[in-house]
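The data block below is protein_3.txt; it holds compact mmCIF, N, CA and C atoms and all ligand atoms.
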# COMPACT_ATOMS: atom_id res chain seq x y z
N MET I 1 16.12 -13.02 16.24
CA MET I 1 16.17 -12.01 17.30
C MET I 1 15.61 -10.68 16.82
N LYS I 2 15.95 -10.37 15.62
CA LYS I 2 15.53 -9.07 15.10
C LYS I 2 14.00 -8.98 15.00
N SER I 3 13.39 -10.08 14.55
CA SER I 3 11.94 -10.06 14.41
C SER I 3 11.26 -9.98 15.78
N ILE I 4 11.84 -10.63 16.77
CA ILE I 4 11.26 -10.57 18.11
C ILE I 4 11.33 -9.14 18.65
N ARG I 5 12.49 -8.56 18.45
CA ARG I 5 12.67 -7.19 18.94
C ARG I 5 11.64 -6.24 18.27
N ARG I 6 11.42 -6.47 17.01
CA ARG I 6 10.46 -5.63 16.29
C ARG I 6 9.07 -5.80 16.90
N THR I 7 8.74 -7.06 17.26
CA THR I 7 7.43 -7.32 17.86
C THR I 7 7.28 -6.60 19.20
N VAL I 8 8.35 -6.67 19.99
CA VAL I 8 8.30 -6.00 21.30
C VAL I 8 8.12 -4.50 21.11
N THR I 9 8.83 -3.97 20.15
CA THR I 9 8.70 -2.54 19.88
C THR I 9 7.27 -2.20 19.46
N GLY I 10 6.68 -3.11 18.65
CA GLY I 10 5.30 -2.88 18.22
C GLY I 10 4.34 -2.86 19.39
N VAL I 11 4.56 -3.76 20.35
CA VAL I 11 3.69 -3.79 21.53
C VAL I 11 3.84 -2.50 22.33
N ALA I 12 5.07 -2.07 22.47
CA ALA I 12 5.31 -0.83 23.22
C ALA I 12 4.62 0.35 22.55
N ALA I 13 4.70 0.38 21.22
CA ALA I 13 4.04 1.46 20.50
C ALA I 13 2.53 1.39 20.69
N GLY I 14 2.01 0.17 20.69
CA GLY I 14 0.58 0.00 20.91
C GLY I 14 0.16 0.49 22.28
N ALA I 15 0.99 0.19 23.26
CA ALA I 15 0.68 0.64 24.63
C ALA I 15 0.72 2.16 24.70
N LEU I 16 1.67 2.75 24.01
CA LEU I 16 1.76 4.20 23.99
C LEU I 16 0.53 4.81 23.32
N LEU I 17 0.12 4.17 22.22
CA LEU I 17 -1.05 4.67 21.50
C LEU I 17 -2.29 4.59 22.39
N ALA I 18 -2.43 3.45 23.09
CA ALA I 18 -3.59 3.29 23.98
C ALA I 18 -3.56 4.37 25.06
N GLY I 19 -2.36 4.62 25.60
CA GLY I 19 -2.24 5.65 26.62
C GLY I 19 -2.60 7.01 26.06
N GLY I 20 -2.16 7.25 24.83
CA GLY I 20 -2.47 8.52 24.20
C GLY I 20 -3.95 8.69 23.96
N MET I 21 -4.62 7.60 23.62
CA MET I 21 -6.05 7.67 23.36
C MET I 21 -6.81 7.98 24.65
N VAL I 22 -6.36 7.43 25.74
CA VAL I 22 -7.00 7.72 27.03
C VAL I 22 -6.87 9.21 27.34
N ALA I 23 -5.66 9.71 27.12
CA ALA I 23 -5.43 11.13 27.39
C ALA I 23 -6.26 12.00 26.43
N PHE I 24 -6.46 11.50 25.20
CA PHE I 24 -7.21 12.27 24.21
C PHE I 24 -8.68 12.36 24.56
N THR I 25 -9.25 11.27 25.08
CA THR I 25 -10.69 11.28 25.38
C THR I 25 -10.99 12.01 26.68
N ALA I 26 -9.97 12.18 27.52
CA ALA I 26 -10.19 12.81 28.82
C ALA I 26 -10.82 14.20 28.73
N PRO I 27 -10.39 15.07 27.82
CA PRO I 27 -10.96 16.42 27.80
C PRO I 27 -12.49 16.45 27.64
N SER I 28 -13.04 15.61 26.78
CA SER I 28 -14.49 15.65 26.62
C SER I 28 -15.19 15.13 27.87
N ALA I 29 -14.53 14.18 28.56
CA ALA I 29 -15.14 13.66 29.78
C ALA I 29 -15.02 14.66 30.92
N SER I 30 -13.97 15.49 30.86
CA SER I 30 -13.78 16.46 31.91
C SER I 30 -14.24 17.84 31.44
N ALA I 31 -15.31 17.85 30.68
CA ALA I 31 -15.92 19.11 30.28
C ALA I 31 -16.20 19.92 31.53
N ASN I 32 -16.25 21.21 31.38
CA ASN I 32 -16.39 22.00 32.60
C ASN I 32 -17.22 23.25 32.37
N ILE I 33 -17.35 24.00 33.42
CA ILE I 33 -18.27 25.13 33.41
C ILE I 33 -17.84 26.21 32.42
N GLU I 34 -16.57 26.19 32.01
CA GLU I 34 -16.10 27.17 31.02
C GLU I 34 -16.79 26.98 29.66
N GLN I 35 -17.39 25.81 29.45
CA GLN I 35 -18.13 25.59 28.21
C GLN I 35 -19.32 26.52 28.09
N CYS I 36 -19.83 26.96 29.22
CA CYS I 36 -21.03 27.79 29.23
C CYS I 36 -20.63 29.25 29.09
N THR I 37 -20.94 29.82 27.95
CA THR I 37 -20.53 31.20 27.68
C THR I 37 -21.70 32.16 27.86
N SER I 38 -21.39 33.41 28.02
CA SER I 38 -22.39 34.44 28.26
C SER I 38 -23.48 34.41 27.19
N GLY I 39 -24.74 34.52 27.64
CA GLY I 39 -25.87 34.50 26.72
C GLY I 39 -26.51 33.14 26.58
N HIS I 40 -26.05 32.17 27.34
CA HIS I 40 -26.55 30.80 27.21
C HIS I 40 -27.06 30.23 28.53
N ALA I 41 -28.07 29.39 28.41
CA ALA I 41 -28.49 28.50 29.50
C ALA I 41 -27.88 27.15 29.18
N CYS I 42 -27.20 26.55 30.15
CA CYS I 42 -26.38 25.36 29.87
C CYS I 42 -26.77 24.19 30.75
N ALA I 43 -26.60 23.01 30.19
CA ALA I 43 -26.88 21.78 30.93
C ALA I 43 -25.80 20.75 30.63
N TRP I 44 -25.46 19.98 31.66
CA TRP I 44 -24.47 18.90 31.54
C TRP I 44 -25.09 17.59 32.00
N GLY I 45 -24.59 16.52 31.43
CA GLY I 45 -25.15 15.20 31.74
C GLY I 45 -24.70 14.61 33.06
N GLU I 46 -23.60 15.14 33.59
CA GLU I 46 -23.08 14.62 34.86
C GLU I 46 -22.95 15.75 35.87
N ASN I 47 -22.65 15.37 37.11
CA ASN I 47 -22.51 16.35 38.17
C ASN I 47 -21.31 17.25 37.93
N THR I 48 -21.30 18.37 38.61
CA THR I 48 -20.21 19.35 38.61
C THR I 48 -19.82 19.80 37.20
N TYR I 49 -20.87 19.99 36.36
CA TYR I 49 -20.69 20.58 35.03
C TYR I 49 -19.75 19.74 34.16
N THR I 50 -19.98 18.46 34.16
CA THR I 50 -19.16 17.55 33.35
C THR I 50 -20.07 16.66 32.50
N GLY I 51 -19.44 15.88 31.64
CA GLY I 51 -20.18 14.95 30.79
C GLY I 51 -20.73 15.64 29.56
N CYS I 52 -21.77 15.08 29.01
CA CYS I 52 -22.39 15.64 27.81
C CYS I 52 -22.85 17.07 28.08
N PHE I 53 -22.86 17.89 27.02
CA PHE I 53 -23.14 19.31 27.20
C PHE I 53 -24.09 19.82 26.13
N THR I 54 -24.97 20.74 26.52
CA THR I 54 -25.78 21.46 25.55
C THR I 54 -26.09 22.84 26.10
N ASP I 55 -26.42 23.78 25.20
CA ASP I 55 -26.79 25.10 25.69
C ASP I 55 -27.89 25.72 24.82
N PHE I 56 -28.53 26.75 25.38
CA PHE I 56 -29.68 27.37 24.74
C PHE I 56 -29.59 28.88 24.86
N THR I 57 -30.11 29.57 23.85
CA THR I 57 -30.24 31.02 23.95
C THR I 57 -31.71 31.43 24.09
N VAL I 58 -32.60 30.53 23.71
CA VAL I 58 -34.04 30.77 23.82
C VAL I 58 -34.72 29.51 24.37
N SER I 59 -36.02 29.66 24.65
CA SER I 59 -36.77 28.52 25.17
C SER I 59 -36.75 27.34 24.20
N ASN I 60 -36.78 26.14 24.75
CA ASN I 60 -36.86 24.92 23.94
C ASN I 60 -37.91 24.00 24.56
N SER I 61 -38.92 23.64 23.78
CA SER I 61 -40.03 22.86 24.32
C SER I 61 -39.66 21.40 24.56
N VAL I 62 -38.57 20.98 23.96
CA VAL I 62 -38.07 19.63 24.20
C VAL I 62 -36.55 19.69 24.28
N MET I 63 -35.99 19.14 25.31
CA MET I 63 -34.54 19.02 25.39
C MET I 63 -34.12 18.04 24.31
N GLY I 64 -33.34 18.49 23.34
CA GLY I 64 -32.99 17.63 22.21
C GLY I 64 -31.70 16.88 22.44
N ASP I 65 -30.95 16.73 21.36
CA ASP I 65 -29.68 16.02 21.45
C ASP I 65 -28.65 16.86 22.20
N TRP I 66 -27.74 16.18 22.85
CA TRP I 66 -26.60 16.89 23.42
C TRP I 66 -25.80 17.50 22.26
N GLU I 67 -25.26 18.68 22.44
CA GLU I 67 -24.41 19.28 21.40
C GLU I 67 -23.05 18.61 21.37
N ALA I 68 -22.56 18.29 22.55
CA ALA I 68 -21.26 17.63 22.66
C ALA I 68 -21.41 16.47 23.63
N CYS I 69 -21.09 15.28 23.14
CA CYS I 69 -21.27 14.11 23.99
C CYS I 69 -20.39 12.98 23.47
N SER I 70 -19.64 12.37 24.38
CA SER I 70 -18.77 11.26 23.97
C SER I 70 -19.53 9.94 23.94
N ARG I 71 -20.75 9.93 24.44
CA ARG I 71 -21.56 8.72 24.42
C ARG I 71 -22.61 8.83 23.32
N SER I 72 -22.94 7.73 22.71
CA SER I 72 -23.96 7.73 21.67
C SER I 72 -25.26 7.17 22.23
N GLY I 73 -26.35 7.52 21.58
CA GLY I 73 -27.64 6.93 21.93
C GLY I 73 -28.34 7.56 23.11
N ILE I 74 -27.86 8.69 23.59
CA ILE I 74 -28.56 9.37 24.68
C ILE I 74 -28.82 10.82 24.28
N THR I 75 -29.89 11.40 24.81
CA THR I 75 -30.20 12.79 24.53
C THR I 75 -30.24 13.57 25.84
N ALA I 76 -30.39 14.88 25.70
CA ALA I 76 -30.45 15.73 26.89
C ALA I 76 -31.78 15.59 27.62
N ASN I 77 -32.78 15.04 26.95
CA ASN I 77 -34.09 14.86 27.58
C ASN I 77 -33.96 13.85 28.73
N ASN I 78 -34.29 14.31 29.93
CA ASN I 78 -34.15 13.47 31.13
C ASN I 78 -32.71 13.02 31.34
N GLY I 79 -31.78 13.93 31.03
CA GLY I 79 -30.38 13.54 31.18
C GLY I 79 -29.51 14.51 31.96
N ALA I 80 -30.02 15.70 32.28
CA ALA I 80 -29.16 16.71 32.90
C ALA I 80 -28.94 16.46 34.39
N ASN I 81 -27.69 16.63 34.81
CA ASN I 81 -27.34 16.53 36.23
C ASN I 81 -26.94 17.89 36.81
N SER I 82 -26.49 18.80 35.94
CA SER I 82 -26.09 20.11 36.43
C SER I 82 -26.45 21.17 35.39
N VAL I 83 -26.76 22.38 35.86
CA VAL I 83 -27.22 23.45 34.97
C VAL I 83 -26.66 24.80 35.41
N LYS I 84 -26.70 25.73 34.45
CA LYS I 84 -26.26 27.09 34.74
C LYS I 84 -27.04 28.07 33.86
N ASN I 85 -27.37 29.23 34.42
CA ASN I 85 -28.00 30.30 33.65
C ASN I 85 -27.02 31.45 33.49
N TYR I 86 -26.57 31.64 32.26
CA TYR I 86 -25.60 32.70 31.97
C TYR I 86 -26.21 33.70 30.98
N ILE I 87 -27.52 33.89 31.06
CA ILE I 87 -28.21 34.83 30.19
C ILE I 87 -28.58 36.06 31.01
N SER I 88 -27.94 37.15 30.73
CA SER I 88 -28.14 38.36 31.51
C SER I 88 -29.59 38.82 31.46
N GLY I 89 -30.16 39.14 32.62
CA GLY I 89 -31.49 39.71 32.70
C GLY I 89 -32.64 38.74 32.45
N ARG I 90 -32.34 37.46 32.36
CA ARG I 90 -33.38 36.45 32.11
C ARG I 90 -33.37 35.40 33.21
N ASN I 91 -34.58 34.89 33.49
CA ASN I 91 -34.69 33.70 34.32
C ASN I 91 -34.73 32.49 33.41
N VAL I 92 -34.20 31.39 33.89
CA VAL I 92 -34.26 30.14 33.15
C VAL I 92 -34.95 29.10 34.03
N THR I 93 -36.03 28.54 33.50
CA THR I 93 -36.79 27.53 34.25
C THR I 93 -36.69 26.20 33.51
N TRP I 94 -36.24 25.19 34.24
CA TRP I 94 -36.10 23.84 33.69
C TRP I 94 -37.32 23.04 34.14
N TYR I 95 -38.09 22.53 33.17
CA TYR I 95 -39.34 21.84 33.49
C TYR I 95 -39.20 20.32 33.43
N GLU I 96 -40.03 19.72 34.26
CA GLU I 96 -40.05 18.26 34.35
C GLU I 96 -40.56 17.61 33.07
N GLU I 97 -41.52 18.27 32.42
CA GLU I 97 -42.13 17.70 31.23
C GLU I 97 -41.80 18.56 30.01
N THR I 98 -42.04 18.01 28.84
CA THR I 98 -41.87 18.78 27.61
C THR I 98 -42.93 19.88 27.55
N ASN I 99 -42.74 20.85 26.69
CA ASN I 99 -43.67 21.96 26.50
C ASN I 99 -43.92 22.74 27.79
N TYR I 100 -42.90 22.77 28.65
CA TYR I 100 -42.95 23.57 29.88
C TYR I 100 -44.08 23.12 30.80
N ASN I 101 -44.39 21.86 30.77
CA ASN I 101 -45.44 21.32 31.63
C ASN I 101 -44.84 20.72 32.90
N GLY I 102 -45.74 20.49 33.85
CA GLY I 102 -45.30 19.94 35.13
C GLY I 102 -44.61 20.99 35.97
N VAL I 103 -43.93 20.55 36.99
CA VAL I 103 -43.23 21.47 37.88
C VAL I 103 -41.86 21.80 37.30
N GLY I 104 -41.22 22.81 37.89
CA GLY I 104 -39.92 23.22 37.38
C GLY I 104 -39.04 23.81 38.46
N ILE I 105 -37.81 24.08 38.07
CA ILE I 105 -36.87 24.78 38.95
C ILE I 105 -36.30 25.97 38.18
N ARG I 106 -36.32 27.11 38.85
CA ARG I 106 -35.94 28.36 38.18
C ARG I 106 -34.63 28.91 38.73
N PHE I 107 -33.79 29.37 37.81
CA PHE I 107 -32.52 29.98 38.20
C PHE I 107 -32.44 31.40 37.65
N GLN I 108 -31.91 32.31 38.44
CA GLN I 108 -31.64 33.66 37.97
C GLN I 108 -30.35 33.64 37.15
N SER I 109 -29.99 34.78 36.59
CA SER I 109 -28.80 34.83 35.74
C SER I 109 -27.53 34.97 36.58
N GLN I 110 -26.44 34.50 36.03
CA GLN I 110 -25.15 34.68 36.71
C GLN I 110 -24.89 36.16 36.95
N GLN I 111 -25.30 36.99 35.99
CA GLN I 111 -25.05 38.42 36.11
C GLN I 111 -25.80 39.03 37.30
N SER I 112 -26.90 38.37 37.70
CA SER I 112 -27.65 38.87 38.86
C SER I 112 -26.94 38.49 40.15
N GLY I 113 -26.09 37.48 40.08
CA GLY I 113 -25.27 37.10 41.22
C GLY I 113 -25.93 36.19 42.22
N ALA I 114 -27.16 35.76 41.96
CA ALA I 114 -27.85 34.93 42.95
C ALA I 114 -28.47 33.69 42.34
N ASN I 115 -28.20 32.56 42.94
CA ASN I 115 -28.91 31.32 42.62
C ASN I 115 -28.97 31.07 41.12
N TYR I 116 -27.82 31.01 40.47
CA TYR I 116 -27.81 30.93 39.02
C TYR I 116 -27.32 29.60 38.47
N GLN I 117 -26.85 28.71 39.33
CA GLN I 117 -26.34 27.43 38.82
C GLN I 117 -26.45 26.37 39.90
N ASP I 118 -26.36 25.13 39.48
CA ASP I 118 -26.38 24.02 40.44
C ASP I 118 -25.55 22.87 39.89
N PRO I 119 -24.51 22.46 40.63
CA PRO I 119 -23.63 21.39 40.14
C PRO I 119 -24.19 19.99 40.38
N LYS I 120 -25.26 19.89 41.16
CA LYS I 120 -25.75 18.55 41.52
C LYS I 120 -27.26 18.59 41.72
N LEU I 121 -28.00 18.37 40.65
CA LEU I 121 -29.45 18.48 40.71
C LEU I 121 -30.10 17.37 41.52
N SER I 122 -29.37 16.32 41.83
CA SER I 122 -29.97 15.21 42.58
C SER I 122 -30.39 15.65 43.98
N ASN I 123 -29.76 16.70 44.49
CA ASN I 123 -30.17 17.18 45.81
C ASN I 123 -30.92 18.50 45.71
N GLY I 124 -31.53 18.73 44.56
CA GLY I 124 -32.38 19.90 44.39
C GLY I 124 -31.61 21.14 43.99
N GLY I 125 -32.36 22.21 43.65
CA GLY I 125 -31.71 23.45 43.29
C GLY I 125 -32.68 24.45 42.73
N GLY I 126 -32.27 25.69 42.68
CA GLY I 126 -33.11 26.73 42.11
C GLY I 126 -34.28 27.08 43.02
N THR I 127 -35.31 27.64 42.39
CA THR I 127 -36.55 27.99 43.08
C THR I 127 -37.67 27.16 42.49
N GLY I 128 -38.48 26.55 43.32
CA GLY I 128 -39.55 25.70 42.83
C GLY I 128 -40.60 26.48 42.05
N VAL I 129 -41.05 25.92 40.94
CA VAL I 129 -42.12 26.51 40.12
C VAL I 129 -43.24 25.48 39.99
N GLY I 130 -44.45 25.90 40.34
CA GLY I 130 -45.58 24.98 40.27
C GLY I 130 -45.70 24.09 41.49
N GLY I 131 -44.90 24.38 42.50
CA GLY I 131 -44.96 23.59 43.73
C GLY I 131 -43.67 23.75 44.51
N ASN I 132 -43.63 23.18 45.69
CA ASN I 132 -42.44 23.26 46.53
C ASN I 132 -41.50 22.12 46.16
N VAL I 133 -40.86 22.25 45.00
CA VAL I 133 -40.13 21.13 44.43
C VAL I 133 -38.62 21.37 44.33
N ALA I 134 -38.18 22.54 44.81
CA ALA I 134 -36.77 22.87 44.63
C ALA I 134 -35.84 21.88 45.33
N GLY I 135 -36.30 21.27 46.42
CA GLY I 135 -35.44 20.37 47.17
C GLY I 135 -35.51 18.92 46.71
N GLN I 136 -36.27 18.68 45.66
CA GLN I 136 -36.42 17.30 45.17
C GLN I 136 -35.22 16.87 44.33
N ASN I 137 -35.22 15.60 43.98
CA ASN I 137 -34.20 15.07 43.08
C ASN I 137 -34.54 15.48 41.66
N TRP I 138 -33.69 16.31 41.07
CA TRP I 138 -33.92 16.78 39.70
C TRP I 138 -32.93 16.19 38.69
N GLN I 139 -32.19 15.23 39.13
CA GLN I 139 -31.26 14.59 38.19
C GLN I 139 -32.03 13.78 37.15
N ASP I 140 -31.63 13.91 35.88
CA ASP I 140 -32.21 13.13 34.78
C ASP I 140 -33.73 13.29 34.72
N ARG I 141 -34.19 14.49 34.93
CA ARG I 141 -35.63 14.75 35.03
C ARG I 141 -36.08 15.88 34.09
N ILE I 142 -35.22 16.78 33.74
CA ILE I 142 -35.58 17.96 32.95
C ILE I 142 -35.90 17.58 31.50
N SER I 143 -37.03 18.11 31.01
CA SER I 143 -37.44 17.80 29.63
C SER I 143 -37.64 19.03 28.75
N SER I 144 -37.76 20.22 29.35
CA SER I 144 -37.85 21.44 28.55
C SER I 144 -37.29 22.61 29.34
N VAL I 145 -36.98 23.68 28.62
CA VAL I 145 -36.36 24.84 29.27
C VAL I 145 -36.99 26.12 28.74
N ARG I 146 -37.38 26.99 29.68
CA ARG I 146 -37.96 28.27 29.27
C ARG I 146 -37.05 29.42 29.71
N VAL I 147 -36.80 30.30 28.76
CA VAL I 147 -36.03 31.50 29.03
C VAL I 147 -37.02 32.66 29.07
N SER I 148 -37.08 33.38 30.19
CA SER I 148 -38.12 34.42 30.32
C SER I 148 -37.58 35.66 31.01
CA CA Z 1 -27.43 12.44 33.71
CA CA Z 2 -38.74 14.71 32.34
In structure tokens, write the structure found in this file.
Amino acid sequence: MKSIRRTVTGVAAGALLAGGMVAFTAPSASANIEQCTSGHACAWGENTYTGCFTDFTVSNSVMGDWEACSRSGITANNGANSVKNYISGRNVTWYEETNYNGVGIRFQSQQSGANYQDPKLSNGGGTGVGGNVAGQNWQDRISSVRVS
């Protein structure tokens, strides 16, 4: 009887551990807009500023690895679903191609108070650059970012 009871207790502890692990991984999955601090242009892998996260203070000709991501084997290149510009006095343009090529979508700074973020790039956002592209699907499309 004693050994059986010990086994049951072990199972219960395992269940508790599994539950704890779920709760532990939740914060990275529920990343949020607070990750984006003043002076940065930010991108998230999922809608509503969630999922993998990366940020920039200057232009980047290629969207590189996510800075924070619970998934392996994916990069920020062609991965962003939501973006924000929190760089005072600068515009941030997210381009379709690397090296700022192709069309883009431009956001003003949060400090300017206008058109500075988009939680769902699949239905467009920002101001079109290089064409009337602001209303297009921009999910998983951005490959470079220019701060100007
Ligand atoms: Ca994505
Ligand atoms: Ca692209």
Could you pull out the residues sitting within 10 Å of ligand CA 2 (chain Z), using only C-alpha atoms and all ligand atoms, and write them as a list in words?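 Those within range of ligand CA 2 (chain Z) are Val62, Met63, Ala76, Asn77, Asn78, Gly79, Ala80, Trp94, Tyr95, Glu96, Glu97, Thr98, Asn101, Gly102, Val103, Gly104, Trp138, Gln139, Asp140, Arg141, Ile142, Ser143 and Ser144 of chain I.
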Could you check which of I:Thr37, I:Asn81, I:Ser61, I:Thr75 is closest to ligand CA 1 (chain Z), using all atoms listed in the file?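 Looking only at the distances to ligand CA 1 (chain Z), the closest residue turns out to be I:Asn81.
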What does the distance from atom N of I:Ser122 to atom N of I:Val145 come to in Å, to one decimal?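 Pair atom N of I:Ser122 / atom N of I:Val145 returns 16.9 Å.
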Rank nothing, just name the residue among I:Val147, I:Cys42, I:Cys52, I:Ile33 nearest to ligand CA 1 (chain Z), using only N, CA and C atoms and all ligand atoms.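 Between I:Val147, I:Cys42, I:Cys52, I:Ile33, the residue approaching ligand CA 1 (chain Z) most closely is I:Cys52.
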Have a look at I:Asn115, I:Ser88, I:Ser38, I:Asn137 and name the one nearest to ligand CA 1 (chain Z); count only C-alpha atoms and all ligand atoms.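 Of I:Asn115, I:Ser88, I:Ser38, I:Asn137, the one nearest ligand CA 1 (chain Z), counting only C-alpha atoms and all ligand atoms, is I:Asn137.
In this structure, atom CA of I:Gln136 sits 23.0 Å away from atom CA of I:Tyr86.
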